[in-house]
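J.: My structure file structure.cif, mmCIF, C-alpha atoms, is below:
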```cif
data_work
#
loop_
_atom_site.group_PDB
_atom_site.id
_atom_site.type_symbol
_atom_site.label_atom_id
_atom_site.label_comp_id
_atom_site.auth_asym_id
_atom_site.auth_seq_id
_atom_site.Cartn_x
_atom_site.Cartn_y
_atom_site.Cartn_z
ATOM 1 C CA MET A 3 -9.589 17.366 -14.501
ATOM 2 C CA ALA A 4 -6.915 16.387 -11.985
ATOM 3 C CA ALA A 5 -7.451 13.206 -9.986
ATOM 4 C CA GLN A 6 -8.717 13.759 -6.474
ATOM 5 C CA THR A 7 -7.036 12.158 -3.517
ATOM 6 C CA LEU A 8 -8.846 10.457 -0.696
ATOM 7 C CA ASN A 9 -7.664 10.700 2.849
ATOM 8 C CA TYR A 10 -4.478 8.717 3.280
ATOM 9 C CA ILE A 11 -3.007 5.400 4.272
ATOM 10 C CA ILE A 12 -0.146 4.870 6.708
ATOM 11 C CA LEU A 13 2.721 2.474 6.008
ATOM 12 C CA THR A 14 5.090 1.611 8.842
ATOM 13 C CA ASN A 15 8.116 -0.642 8.946
ATOM 14 C CA SER A 16 8.032 -3.741 11.139
ATOM 15 C CA ASN A 17 9.725 -2.179 14.177
ATOM 16 C CA TRP A 18 7.667 1.046 14.048
ATOM 17 C CA THR A 19 10.680 3.332 13.533
ATOM 18 C CA PHE A 20 9.592 4.646 10.114
ATOM 19 C CA LYS A 21 5.957 5.732 9.687
ATOM 20 C CA ARG A 22 4.686 7.567 6.603
ATOM 21 C CA ARG A 23 1.308 8.692 5.282
ATOM 22 C CA PHE A 24 0.533 8.415 1.569
ATOM 23 C CA ARG A 25 -2.350 9.928 -0.389
ATOM 24 C CA VAL A 26 -4.540 7.503 -2.351
ATOM 25 C CA ILE A 27 -6.043 8.567 -5.675
ATOM 26 C CA GLN A 28 -9.827 8.463 -5.467
ATOM 27 C CA GLY A 29 -11.337 5.442 -7.175
ATOM 28 C CA THR A 30 -8.132 3.383 -7.207
ATOM 29 C CA LEU A 31 -8.420 1.591 -3.855
ATOM 30 C CA LYS A 32 -9.449 -1.982 -4.633
ATOM 31 C CA PRO A 33 -9.737 -4.430 -1.739
ATOM 32 C CA ILE A 34 -9.281 -7.926 -3.167
ATOM 33 C CA ILE A 35 -10.001 -11.368 -1.731
ATOM 34 C CA GLN A 36 -7.455 -13.757 -3.203
ATOM 35 C CA GLY A 37 -7.240 -17.486 -2.882
ATOM 36 C CA ALA A 38 -5.066 -20.475 -3.585
ATOM 37 C CA GLN A 39 -6.959 -22.760 -5.899
ATOM 38 C CA THR A 40 -6.210 -25.250 -8.658
ATOM 39 C CA LEU A 41 -8.684 -26.336 -11.297
ATOM 40 C CA ARG A 42 -8.122 -29.167 -13.736
ATOM 41 C CA ARG A 43 -10.097 -31.655 -15.733
ATOM 42 C CA THR A 44 -9.719 -35.349 -14.978
ATOM 43 C CA THR A 45 -9.406 -37.965 -17.710
ATOM 44 C CA THR A 46 -13.164 -38.540 -17.487
ATOM 45 C CA GLY A 47 -13.871 -34.836 -18.026
ATOM 46 C CA ALA A 48 -14.931 -34.097 -14.442
ATOM 47 C CA LEU A 49 -13.710 -30.917 -12.803
ATOM 48 C CA ASP A 50 -11.141 -31.472 -10.021
ATOM 49 C CA VAL A 51 -10.974 -28.452 -7.687
ATOM 50 C CA GLN A 52 -8.412 -28.060 -4.902
ATOM 51 C CA GLU A 53 -9.273 -25.254 -2.486
ATOM 52 C CA GLY A 54 -6.670 -23.482 -0.342
ATOM 53 C CA ALA A 55 -6.454 -20.493 1.956
ATOM 54 C CA ARG A 56 -7.971 -17.087 1.225
ATOM 55 C CA TRP A 57 -6.312 -13.770 1.998
ATOM 56 C CA LYS A 58 -6.906 -10.083 1.491
ATOM 57 C CA ALA A 59 -4.936 -7.689 -0.690
ATOM 58 C CA TRP A 60 -5.231 -4.016 -1.566
ATOM 59 C CA GLU A 61 -4.411 -2.493 -4.918
ATOM 60 C CA MET A 62 -4.234 1.304 -5.135
ATOM 61 C CA THR A 63 -2.493 4.224 -6.767
ATOM 62 C CA LEU A 64 -0.650 6.677 -4.558
ATOM 63 C CA LYS A 65 0.012 10.337 -5.258
ATOM 64 C CA VAL A 66 3.600 10.783 -4.124
ATOM 65 C CA TYR A 67 5.498 14.069 -4.127
ATOM 66 C CA HIS A 68 9.214 14.341 -4.761
ATOM 67 C CA THR A 69 9.328 16.676 -1.738
ATOM 68 C CA ASP A 70 5.994 16.661 0.079
ATOM 69 C CA PRO A 71 4.664 20.189 0.739
ATOM 70 C CA ASP A 72 3.019 19.037 4.002
ATOM 71 C CA GLN A 73 5.878 18.611 6.486
ATOM 72 C CA THR A 74 3.562 18.331 9.507
ATOM 73 C CA VAL A 75 4.409 15.658 12.069
ATOM 74 C CA TYR A 76 1.006 14.354 13.193
ATOM 75 C CA TRP A 77 -0.166 13.176 16.625
ATOM 76 C CA ASP A 78 0.785 9.560 15.862
ATOM 77 C CA GLY A 79 4.332 10.504 14.837
ATOM 78 C CA SER A 80 3.672 10.037 11.138
ATOM 79 C CA GLN A 81 4.206 12.513 8.355
ATOM 80 C CA PHE A 82 3.516 12.450 4.632
ATOM 81 C CA GLY A 83 6.042 10.392 2.722
ATOM 82 C CA ASN A 84 7.857 11.323 -0.439
ATOM 83 C CA GLN A 85 9.200 9.242 -3.333
ATOM 84 C CA ASP A 86 12.366 8.306 -1.427
ATOM 85 C CA ASP A 87 10.313 7.177 1.586
ATOM 86 C CA LEU A 88 8.192 4.875 -0.569
ATOM 87 C CA GLU A 89 11.342 3.384 -2.086
ATOM 88 C CA THR A 90 12.792 2.860 1.399
ATOM 89 C CA LEU A 91 9.734 0.821 2.379
ATOM 90 C CA ALA A 92 9.773 -1.125 -0.905
ATOM 91 C CA LYS A 93 13.452 -2.039 -0.457
ATOM 92 C CA LEU A 94 12.837 -3.837 2.846
ATOM 93 C CA ASN A 95 13.450 -7.318 1.487
ATOM 94 C CA ASN A 96 15.155 -9.331 4.223
ATOM 95 C CA PRO A 97 12.755 -11.331 6.432
ATOM 96 C CA ALA A 98 15.577 -11.992 8.925
ATOM 97 C CA SER A 99 16.565 -8.350 9.499
ATOM 98 C CA ASN A 100 15.155 -5.725 11.846
ATOM 99 C CA PRO A 101 13.186 -4.039 10.373
ATOM 100 C CA ASN A 102 12.199 -6.940 8.147
ATOM 101 C CA ASN A 103 10.151 -7.041 4.921
ATOM 102 C CA THR A 104 6.808 -6.905 6.752
ATOM 103 C CA LEU A 105 4.947 -3.581 6.789
ATOM 104 C CA TRP A 106 2.046 -2.372 8.906
ATOM 105 C CA PHE A 107 -0.707 -0.912 6.738
ATOM 106 C CA TYR A 108 -3.308 1.346 8.323
ATOM 107 C CA GLU A 109 -6.224 1.883 5.957
ATOM 108 C CA ASN A 110 -7.761 5.160 6.992
ATOM 109 C CA LEU A 111 -10.217 4.723 4.117
ATOM 110 C CA ASP A 112 -12.587 2.209 5.743
ATOM 111 C CA SER A 113 -12.520 -0.292 2.881
ATOM 112 C CA ASP A 114 -14.446 -2.919 4.879
ATOM 113 C CA GLY A 115 -17.349 -0.596 5.779
ATOM 114 C CA ASP A 116 -17.190 -0.823 9.586
ATOM 115 C CA GLY A 117 -16.722 2.930 10.083
ATOM 116 C CA VAL A 118 -13.053 2.905 11.098
ATOM 117 C CA GLY A 119 -9.771 2.151 9.419
ATOM 118 C CA ASP A 120 -8.060 -1.167 10.081
ATOM 119 C CA GLN A 121 -4.456 -2.206 10.571
ATOM 120 C CA HIS A 122 -2.913 -5.136 8.697
ATOM 121 C CA SER A 123 0.447 -6.868 8.535
ATOM 122 C CA VAL A 124 1.334 -6.864 4.820
ATOM 123 C CA ILE A 125 4.022 -7.382 2.232
ATOM 124 C CA MET A 126 4.399 -4.755 -0.495
ATOM 125 C CA TYR A 127 5.144 -5.987 -3.991
ATOM 126 C CA ALA A 128 8.324 -4.085 -4.713
ATOM 127 C CA ASN A 129 7.669 -3.049 -8.311
ATOM 128 C CA ILE A 130 7.664 0.740 -7.941
ATOM 129 C CA GLU A 131 6.692 2.283 -11.267
ATOM 130 C CA ARG A 132 6.410 6.050 -11.116
ATOM 131 C CA GLU A 133 4.149 7.856 -13.569
ATOM 132 C CA PRO A 134 5.222 11.527 -13.618
ATOM 133 C CA VAL A 135 2.205 13.828 -13.665
ATOM 134 C CA THR A 136 3.800 17.270 -13.509
ATOM 135 C CA PRO A 137 6.354 18.868 -15.818
ATOM 136 C CA TYR A 138 8.611 19.148 -12.767
ATOM 137 C CA LEU A 139 10.784 16.233 -11.676
ATOM 138 C CA THR A 140 12.000 17.631 -8.347
ATOM 139 C CA GLY A 141 10.735 19.914 -5.613
ATOM 140 C CA GLN A 142 7.415 20.487 -3.866
ATOM 141 C CA GLN A 143 5.438 20.862 -7.105
ATOM 142 C CA ALA A 144 6.672 17.576 -8.565
ATOM 143 C CA PHE A 145 4.556 14.480 -7.971
ATOM 144 C CA CYS A 146 3.857 11.163 -9.607
ATOM 145 C CA TYR A 147 1.310 8.388 -9.440
ATOM 146 C CA VAL A 148 2.585 5.066 -8.130
ATOM 147 C CA PRO A 149 0.447 1.906 -8.287
ATOM 148 C CA ILE A 150 1.145 -0.483 -5.406
ATOM 149 C CA LEU A 151 -0.127 -3.841 -4.223
ATOM 150 C CA LEU A 152 -0.189 -4.777 -0.536
ATOM 151 C CA GLU A 153 -0.896 -8.384 0.400
ATOM 152 C CA ARG A 154 -1.975 -9.407 3.880
ATOM 153 C CA ILE A 155 0.303 -12.002 5.448
ATOM 154 C CA ALA A 156 -2.288 -13.965 7.452
ATOM 155 C CA ALA A 157 -5.073 -15.920 5.780
ATOM 156 C CA ILE A 158 -8.655 -14.901 6.446
ATOM 157 C CA ALA A 159 -11.413 -17.193 7.639
#
```
Would you put the structure from the file into structure tokens?
T.:
Amino acid sequence: MAAQTLNYIILTNSNWTFKRRFRVIQGTLKPIIQGAQTLRRTTTGALDVQEGARWKAWEMTLKVYHTDPDQTVYWDGSQFGNQDDLETLAKLNNPASNPNNTLWFYENLDSDGDGVGDQHSVIMYANIEREPVTPYLTGQQAFCYVPILLERIAAIA
């Protein structure tokens, strides 16, 4: 059975000039609370714990077409992104440029349970590993699965 997609997420560059929707494979969205922490044993055997900041991250797998069959431009100016669009966002690696390496992530999937999607300033880990799913490599029938990790820039309370 083919994997079902949930609604979508929106990824936008830092100056809002490039906005794309991406389909998320059902069951792959994993909101994560991460933290900076060191654990070590002292010479007496006691546990020494250093606690740092906590932040949120999202791990998910996207269904990305080579050429997306839905070319609709939606009310917010976004449209569904293709493989080249995802690579464009992943290649933003200069924090001093405009747009910089920060992305805006709109989670239309309500991962925090408050009934609406939320917007976050994130960095995307740039390892883009495509898993071809169709026998086609190009065109509107060709798509792949792409796991991504988005990490929120600001710490959470």
J.: Care to translate the PyMOL selection byres ((chain A and resi 58-63) around 9) into actual residues of this file, as a PyMOL selection string?
T.: chain A and resi 25-37+56-57+64-65+124+147-158
J.: Quick one: apply the PyMOL selection byres ((chain A and resi 141) around 7) to the file and drop the selected residues here as a VMD selection string.
T.: chain A and resid 68 to 69 140 142 to 144
J.: Please provide as a PDB file with C-alpha atoms, in the coordinates of the input all residues within 12 Å of A:Arg23, with the sequence filter that same-chain residues fewer than 3 positions apart are discarded (counting all atoms listed in the file).
T.:
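Result saved to result.pdb:
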```
ATOM      1  CA  LEU A   8      -8.846  10.457  -0.696  1.00  0.00           C
ATOM      2  CA  ASN A   9      -7.664  10.700   2.849  1.00  0.00           C
ATOM      3  CA  TYR A  10      -4.478   8.717   3.280  1.00  0.00           C
ATOM      4  CA  ILE A  11      -3.007   5.400   4.272  1.00  0.00           C
ATOM      5  CA  ILE A  12      -0.146   4.870   6.708  1.00  0.00           C
ATOM      6  CA  LEU A  13       2.721   2.474   6.008  1.00  0.00           C
ATOM      7  CA  THR A  14       5.090   1.611   8.842  1.00  0.00           C
ATOM      8  CA  PHE A  20       9.592   4.646  10.114  1.00  0.00           C
ATOM      9  CA  VAL A  26      -4.540   7.503  -2.351  1.00  0.00           C
ATOM     10  CA  LEU A  64      -0.650   6.677  -4.558  1.00  0.00           C
ATOM     11  CA  LYS A  65       0.012  10.337  -5.258  1.00  0.00           C
ATOM     12  CA  VAL A  66       3.600  10.783  -4.124  1.00  0.00           C
ATOM     13  CA  TYR A  67       5.498  14.069  -4.127  1.00  0.00           C
ATOM     14  CA  ASP A  70       5.994  16.661   0.079  1.00  0.00           C
ATOM     15  CA  ASP A  72       3.019  19.037   4.002  1.00  0.00           C
ATOM     16  CA  GLN A  73       5.878  18.611   6.486  1.00  0.00           C
ATOM     17  CA  THR A  74       3.562  18.331   9.507  1.00  0.00           C
ATOM     18  CA  VAL A  75       4.409  15.658  12.069  1.00  0.00           C
ATOM     19  CA  TYR A  76       1.006  14.354  13.193  1.00  0.00           C
ATOM     20  CA  ASP A  78       0.785   9.560  15.862  1.00  0.00           C
ATOM     21  CA  GLY A  79       4.332  10.504  14.837  1.00  0.00           C
ATOM     22  CA  SER A  80       3.672  10.037  11.138  1.00  0.00           C
ATOM     23  CA  GLN A  81       4.206  12.513   8.355  1.00  0.00           C
ATOM     24  CA  PHE A  82       3.516  12.450   4.632  1.00  0.00           C
ATOM     25  CA  GLY A  83       6.042  10.392   2.722  1.00  0.00           C
ATOM     26  CA  ASN A  84       7.857  11.323  -0.439  1.00  0.00           C
ATOM     27  CA  GLN A  85       9.200   9.242  -3.333  1.00  0.00           C
ATOM     28  CA  ASP A  87      10.313   7.177   1.586  1.00  0.00           C
ATOM     29  CA  LEU A  88       8.192   4.875  -0.569  1.00  0.00           C
ATOM     30  CA  LEU A  91       9.734   0.821   2.379  1.00  0.00           C
ATOM     31  CA  TRP A 106       2.046  -2.372   8.906  1.00  0.00           C
ATOM     32  CA  PHE A 107      -0.707  -0.912   6.738  1.00  0.00           C
ATOM     33  CA  TYR A 108      -3.308   1.346   8.323  1.00  0.00           C
ATOM     34  CA  GLU A 109      -6.224   1.883   5.957  1.00  0.00           C
ATOM     35  CA  ASN A 110      -7.761   5.160   6.992  1.00  0.00           C
TER      36      ASN A 110
END
```
J.: May I ask which of the residues A:His122, A:Gly54, A:Asp116, A:Arg22 is the closest one to A:Glu89, counting only C-alpha atoms?
T.: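 Using only C-alpha atoms, A:Glu89 sits closest to A:Arg22.
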J.: Which residues are close to A:Pro101, i.e. within 7 Å by only C-alpha atoms, leaving aside same-chain residues fewer than 4 positions away? Reply as a VMD selection string.
T.: chain A and resid 15 to 17
J.: Could you tell me how far atom CA of A:Val135 lies from atom CA of A:Pro71, in Å and to one decimal?
T.: 15.9 Å
J.: Between atom CA of A:Thr104 and atom CA of A:Ile125, what is the distance, to one decimal in Å?
T.: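 Atom CA of A:Ile125 lies 5.3 Å from atom CA of A:Thr104.
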J.: Of the candidates A:Leu105, A:Ala38, A:Ala92, A:Ala98, which shows the shortest atom-to-atom distance to A:Ser123, using all atoms listed in the file?
T.: A:Leu105
J.: Atom CA of A:Pro137 and atom CA of A:Asp86, how far apart in Å?
T.: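 Calculated distance between atom CA of A:Asp86 and atom CA of A:Pro137 is 18.8 Å.
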J.: May I have the centre and edge lengths, in Å to one decimal, of an axis-aligned box around the listed atoms of stretch 51-67 of chain A with 3 Å added to every side, as AutoDock Vina command-line options?
T.:
```
--center_x -2.7 --center_y -7.2 --center_z -2.8 --size_x 22.5 --size_y 48.5 --size_z 15.7
```
